[in-house]
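Novice: Let me give you the structure first, and then I'll get to my questions.
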Amino acid sequence: MSLSPGFSGRRGFDTSRLPPGQYPTHDFPVLSAGPTPRIDTDDWEFTLDTETGQHTAWTWEQFQALPQQDVTTDLHCVTRWSKFDTRWRGVSLDTLLADAETAADFVIAHCHGGYTTNLPLEDVLDGQAWIVHEYDGFPLSPEHGGPARLLVPHLYLWKSAKWVRGLTLSPVDEPGFWEAAGYHNHGDPWREQRTWQD
Ligand SMILES: Nc1nc2c(c(=O)[nH]1)N[C@H]1C(S)=C(S)[C@@H](COP(=O)(O)O)O[C@H]1N2
Ligand SMILES: [Mo]
């Protein structure tokens, strides 16, 4: 057996996978700015709107019929916990955006309850982002964003919008809920982009 240089024997965490200022945890804390919305999959719809006026909508059934991917990834929350090897299942944004008629550079995710978050388009393509509906082999719980949430694991977890109901593509960057409140516009944990000051 060989250990990588960053391996920490104490609790079995590979510290080389830990961005600066983070600590590892086995817990999965729930962080929500408001009450947990309950959305029935019969009523669920996911929409994509482009700056060209193109509107696409998927029902739950249509969404489930899209190619599904299993993703195992580390999560990094700006409140400093990181959770390794989380397992998700969902649809890649590459699939959802494949037919989009757009020259936009930015995405805004909209959620039930009013939460929003903004991302550069280049941060959600090429296998970097998914709309996930299973966690650890089970339907995603409402507390963690079920029936479906955005997952953008290479950015701080506030970018992974829970109860997501649609994406809007825009040529203009529009700060979302936490970005407008002082969190960093981009949120790369490896560069510790926590707040406007970073
Ligand atoms: N719709 C919505 N999405 C959200 C939030 C929220 O309040 N509303 N909180 C964000 C924040 S700040 C974090 S850290 C993560 C927490 O995800 P979790 O509750 O599954 O750990 O969800 C993000 N997505
Ligand atoms: Mo957060």
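So you can find residues: chains in the structure tokens are A, B, ... in the order shown, residues in each start at 1, and ligands are numbered from 1 in order.
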Neighbours of ligand 1 within 10 Å, counting only C-alpha atoms and all ligand atoms, as number ranges by chain?
Specialist: A: 27-37, 75-81, 83, 109-117, 135, 140-146, 149-151, 156-165, 177-178, 183
Novice: Go ahead and write the selection's residues with N, CA and C atoms as a short mmCIF file (atom, residue, chain, number, x, y, z; two decimals), in the first residue's frame.
Specialist:
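As written to disk, out-v3.cif reads:
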data_model
loop_
_atom_site.label_atom_id
_atom_site.label_comp_id
_atom_site.auth_asym_id
_atom_site.auth_seq_id
_atom_site.Cartn_x
_atom_site.Cartn_y
_atom_site.Cartn_z
N ASP A 27 -20.08 14.58 7.93
CA ASP A 27 -21.47 15.05 7.99
C ASP A 27 -21.87 15.65 6.66
N PHE A 28 -23.15 15.85 6.49
CA PHE A 28 -23.65 16.59 5.34
C PHE A 28 -24.59 17.67 5.88
N PRO A 29 -24.00 18.79 6.33
CA PRO A 29 -24.83 19.85 6.89
C PRO A 29 -25.85 20.37 5.87
N VAL A 30 -26.96 20.88 6.37
CA VAL A 30 -27.97 21.51 5.52
C VAL A 30 -27.85 23.02 5.70
N LEU A 31 -27.65 23.74 4.59
CA LEU A 31 -27.58 25.20 4.64
C LEU A 31 -28.58 25.78 3.63
N SER A 32 -29.62 26.37 4.15
CA SER A 32 -30.67 26.95 3.32
C SER A 32 -31.02 28.33 3.84
N ALA A 33 -31.20 29.28 2.91
CA ALA A 33 -31.50 30.66 3.30
C ALA A 33 -32.96 30.84 3.70
N GLY A 34 -33.79 29.85 3.41
CA GLY A 34 -35.22 29.98 3.74
C GLY A 34 -35.82 28.61 3.97
N PRO A 35 -37.15 28.54 4.01
CA PRO A 35 -37.81 27.25 4.22
C PRO A 35 -37.59 26.30 3.05
N THR A 36 -37.71 25.01 3.33
CA THR A 36 -37.51 23.98 2.31
C THR A 36 -38.78 23.81 1.49
N PRO A 37 -38.73 24.15 0.20
CA PRO A 37 -39.93 23.94 -0.62
C PRO A 37 -40.15 22.46 -0.91
N LEU A 75 -17.09 18.02 -2.14
CA LEU A 75 -17.83 19.27 -1.98
C LEU A 75 -17.07 20.20 -1.06
N HIS A 76 -17.12 21.49 -1.35
CA HIS A 76 -16.45 22.48 -0.51
C HIS A 76 -17.40 23.63 -0.21
N CYS A 77 -17.75 23.79 1.06
CA CYS A 77 -18.67 24.85 1.45
C CYS A 77 -17.85 26.03 1.97
N VAL A 78 -18.32 27.23 1.68
CA VAL A 78 -17.60 28.44 2.10
C VAL A 78 -17.57 28.56 3.63
N THR A 79 -18.49 27.87 4.34
CA THR A 79 -18.45 27.85 5.80
C THR A 79 -17.36 26.92 6.33
N ARG A 80 -16.52 26.41 5.40
CA ARG A 80 -15.23 25.75 5.66
C ARG A 80 -15.26 24.23 5.79
N TRP A 81 -16.45 23.61 5.70
CA TRP A 81 -16.42 22.15 5.68
C TRP A 81 -16.28 21.66 4.24
N LYS A 83 -16.52 17.81 2.09
CA LYS A 83 -16.98 16.43 2.18
C LYS A 83 -16.50 15.70 0.94
N ALA A 109 -28.99 30.54 -12.45
CA ALA A 109 -29.86 29.45 -12.00
C ALA A 109 -30.96 30.05 -11.14
N HIS A 110 -32.21 29.64 -11.43
CA HIS A 110 -33.38 30.10 -10.67
C HIS A 110 -33.97 28.92 -9.91
N CYS A 111 -34.42 29.20 -8.68
CA CYS A 111 -34.90 28.12 -7.81
C CYS A 111 -36.29 28.41 -7.28
N HIS A 112 -37.00 27.35 -6.92
CA HIS A 112 -38.20 27.49 -6.11
C HIS A 112 -37.80 28.17 -4.80
N GLY A 113 -38.54 29.17 -4.38
CA GLY A 113 -38.20 29.92 -3.18
C GLY A 113 -37.48 31.22 -3.47
N GLY A 114 -37.00 31.39 -4.72
CA GLY A 114 -36.45 32.68 -5.12
C GLY A 114 -34.94 32.78 -5.15
N TYR A 115 -34.23 31.76 -4.63
CA TYR A 115 -32.76 31.78 -4.64
C TYR A 115 -32.24 31.78 -6.08
N THR A 116 -31.16 32.53 -6.27
CA THR A 116 -30.49 32.54 -7.58
C THR A 116 -28.99 32.46 -7.37
N THR A 117 -28.28 32.00 -8.39
CA THR A 117 -26.82 32.09 -8.39
C THR A 117 -26.35 32.21 -9.83
N TYR A 135 -28.82 11.23 -4.53
CA TYR A 135 -27.63 11.36 -3.70
C TYR A 135 -27.39 10.03 -2.99
N LEU A 140 -32.87 12.46 -4.12
CA LEU A 140 -32.33 13.59 -3.35
C LEU A 140 -33.39 14.12 -2.38
N SER A 141 -33.03 14.24 -1.11
CA SER A 141 -33.99 14.68 -0.10
C SER A 141 -34.31 16.16 -0.28
N PRO A 142 -35.51 16.58 0.14
CA PRO A 142 -35.88 17.99 0.01
C PRO A 142 -34.86 18.93 0.68
N GLU A 143 -34.34 18.54 1.84
CA GLU A 143 -33.39 19.41 2.56
C GLU A 143 -32.15 19.70 1.73
N HIS A 144 -31.72 18.73 0.93
CA HIS A 144 -30.52 18.91 0.11
C HIS A 144 -30.85 19.33 -1.32
N GLY A 145 -32.10 19.72 -1.55
CA GLY A 145 -32.43 20.31 -2.84
C GLY A 145 -33.34 19.51 -3.74
N GLY A 146 -33.83 18.36 -3.23
CA GLY A 146 -34.70 17.53 -4.06
C GLY A 146 -36.03 18.19 -4.36
N ARG A 149 -31.27 19.42 -7.93
CA ARG A 149 -30.46 20.61 -7.68
C ARG A 149 -29.34 20.69 -8.70
N LEU A 150 -28.80 21.89 -8.82
CA LEU A 150 -27.59 22.08 -9.60
C LEU A 150 -26.40 21.57 -8.78
N LEU A 151 -25.44 20.94 -9.44
CA LEU A 151 -24.20 20.52 -8.79
C LEU A 151 -23.03 21.05 -9.61
N TYR A 156 -17.44 26.77 -4.72
CA TYR A 156 -18.07 26.66 -3.40
C TYR A 156 -19.55 26.28 -3.55
N LEU A 157 -20.04 25.57 -2.55
CA LEU A 157 -21.33 24.89 -2.65
C LEU A 157 -22.52 25.83 -2.79
N TRP A 158 -22.35 27.14 -2.47
CA TRP A 158 -23.51 28.02 -2.64
C TRP A 158 -23.89 28.14 -4.12
N LYS A 159 -22.95 27.81 -5.03
CA LYS A 159 -23.25 27.83 -6.47
C LYS A 159 -24.12 26.64 -6.88
N SER A 160 -24.18 25.61 -6.04
CA SER A 160 -24.96 24.42 -6.36
C SER A 160 -26.40 24.62 -5.88
N ALA A 161 -27.16 25.32 -6.70
CA ALA A 161 -28.50 25.78 -6.33
C ALA A 161 -29.46 24.62 -6.11
N LYS A 162 -30.10 24.63 -4.92
CA LYS A 162 -31.06 23.59 -4.57
C LYS A 162 -32.43 23.96 -5.15
N TRP A 163 -33.28 22.94 -5.34
CA TRP A 163 -34.65 23.13 -5.86
C TRP A 163 -34.64 23.96 -7.15
N VAL A 164 -33.63 23.68 -7.98
CA VAL A 164 -33.48 24.47 -9.20
C VAL A 164 -34.66 24.21 -10.13
N ARG A 165 -35.16 25.27 -10.73
CA ARG A 165 -36.30 25.11 -11.65
C ARG A 165 -35.96 25.57 -13.06
N PHE A 177 -28.13 35.57 -5.35
CA PHE A 177 -28.52 35.87 -3.98
C PHE A 177 -27.30 36.16 -3.09
N TRP A 178 -26.38 35.21 -2.98
CA TRP A 178 -25.22 35.41 -2.09
C TRP A 178 -24.17 36.31 -2.73
N TYR A 183 -20.71 37.62 -1.11
CA TYR A 183 -19.88 36.47 -1.47
C TYR A 183 -19.18 36.77 -2.80
#
Novice: For the alpha helix (DSSP H) assignment from backbone DSSP, which residues of segment 18-193 of chain A qualify? Please present them as a VMD selection string.
Specialist: chain A and resid 60 to 64 93 to 96 177 to 180
Novice: Print the selection's residues with C-alpha atoms to a file, as a PDB file, in the first residue's frame.
Specialist:
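Generated file (out_26.pdb):
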ATOM      1  CA  TRP A  60     -39.759  15.000 -14.802  1.00  0.00           C
ATOM      2  CA  GLU A  61     -40.406  12.098 -17.157  1.00  0.00           C
ATOM      3  CA  GLN A  62     -38.591  13.798 -20.062  1.00  0.00           C
ATOM      4  CA  PHE A  63     -35.712  14.731 -17.771  1.00  0.00           C
ATOM      5  CA  GLN A  64     -35.370  11.136 -16.554  1.00  0.00           C
ATOM      6  CA  LEU A  93     -25.392  20.530 -18.378  1.00  0.00           C
ATOM      7  CA  ASP A  94     -23.573  19.593 -21.596  1.00  0.00           C
ATOM      8  CA  THR A  95     -26.656  17.533 -22.457  1.00  0.00           C
ATOM      9  CA  LEU A  96     -29.159  20.187 -21.382  1.00  0.00           C
ATOM     10  CA  PHE A 177     -28.519  35.865  -3.976  1.00  0.00           C
ATOM     11  CA  TRP A 178     -25.224  35.410  -2.093  1.00  0.00           C
ATOM     12  CA  GLU A 179     -23.060  37.101  -4.734  1.00  0.00           C
ATOM     13  CA  ALA A 180     -25.112  40.308  -4.298  1.00  0.00           C
TER      14      ALA A 180
END
Novice: Measure the distance from atom CA of Gly182 of chain A to atom CA of Ala148 of chain A in Å and round it to one decimal.
Specialist: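 One can read the atom CA of Gly182 of chain A to atom CA of Ala148 of chain A distance as 26.2 Å.
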Novice: Segment 70-111 of chain A: which residues are strand (DSSP E or B) by DSSP, as a list in words?
Specialist: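 Result set for segment 70-111 of chain A (strand (DSSP E or B)): Asp70, Val71, Thr72, Thr73, Asp74, Leu75, His76, Trp81, Ser82, Lys83, Phe84, Asp85, Thr86, Arg87, Trp88, Arg89, Gly90, Val91, Ser92, Phe106, Val107, Ile108, Ala109, His110 and Cys111 of chain A.
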Novice: Could you save the residues just selected, with C-alpha atoms, as a short mmCIF file (atom, residue, chain, number, x, y, z; two decimals), in the first residue's frame?
Specialist:
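Result file follows (out30.cif):
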data_model
loop_
_atom_site.label_atom_id
_atom_site.label_comp_id
_atom_site.auth_asym_id
_atom_site.auth_seq_id
_atom_site.Cartn_x
_atom_site.Cartn_y
_atom_site.Cartn_z
CA ASP A 70 -23.04 8.99 -12.04
CA VAL A 71 -20.69 11.49 -10.44
CA THR A 72 -18.42 11.02 -7.43
CA THR A 73 -16.94 14.29 -6.24
CA ASP A 74 -15.73 16.38 -3.31
CA LEU A 75 -17.83 19.27 -1.98
CA HIS A 76 -16.45 22.48 -0.51
CA TRP A 81 -16.42 22.15 5.68
CA SER A 82 -15.46 19.83 2.84
CA LYS A 83 -16.98 16.43 2.18
CA PHE A 84 -15.11 13.91 0.05
CA ASP A 85 -16.43 11.32 -2.40
CA THR A 86 -20.08 12.32 -2.50
CA ARG A 87 -22.10 10.28 -5.00
CA TRP A 88 -24.70 11.83 -7.28
CA ARG A 89 -26.75 10.93 -10.34
CA GLY A 90 -28.16 13.35 -12.86
CA VAL A 91 -27.96 15.02 -16.25
CA SER A 92 -24.91 16.89 -17.43
CA PHE A 106 -23.26 33.68 -18.32
CA VAL A 107 -25.82 31.40 -16.67
CA ILE A 108 -28.25 32.30 -13.93
CA ALA A 109 -29.86 29.45 -12.00
CA HIS A 110 -33.38 30.10 -10.67
CA CYS A 111 -34.90 28.12 -7.81
#
Novice: May I ask which of the residues A:Gly187, A:His154, A:Thr102, A:Pro147 is the closest one to ligand 2, counting only C-alpha atoms and all ligand atoms?
Specialist: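 Ranking A:Gly187, A:His154, A:Thr102, A:Pro147 by distance to ligand 2, first place goes to A:Gly187.
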Novice: For ligand 2, which of A:Tyr23, A:Leu155, A:Asp105, A:Gln197 is the closest residue, counting only C-alpha atoms and all ligand atoms?
Specialist: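 Selected residue with least distance to ligand 2: A:Leu155.
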Novice: Given only C-alpha atoms as the basis, pick out the residue of A:Leu66, A:Leu119, A:Ala129, A:Ala98 nearest to Thr168 of chain A.
Specialist: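 Answer, going by the shortest atom-to-atom distance: A:Leu119.
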Novice: Between A:Gln68, A:Thr195, A:Thr41, A:Thr47, which has the minimum distance to ligand 2 (counting only C-alpha atoms and all ligand atoms)?
Specialist: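 Smallest distance to ligand 2 is found for A:Thr195.
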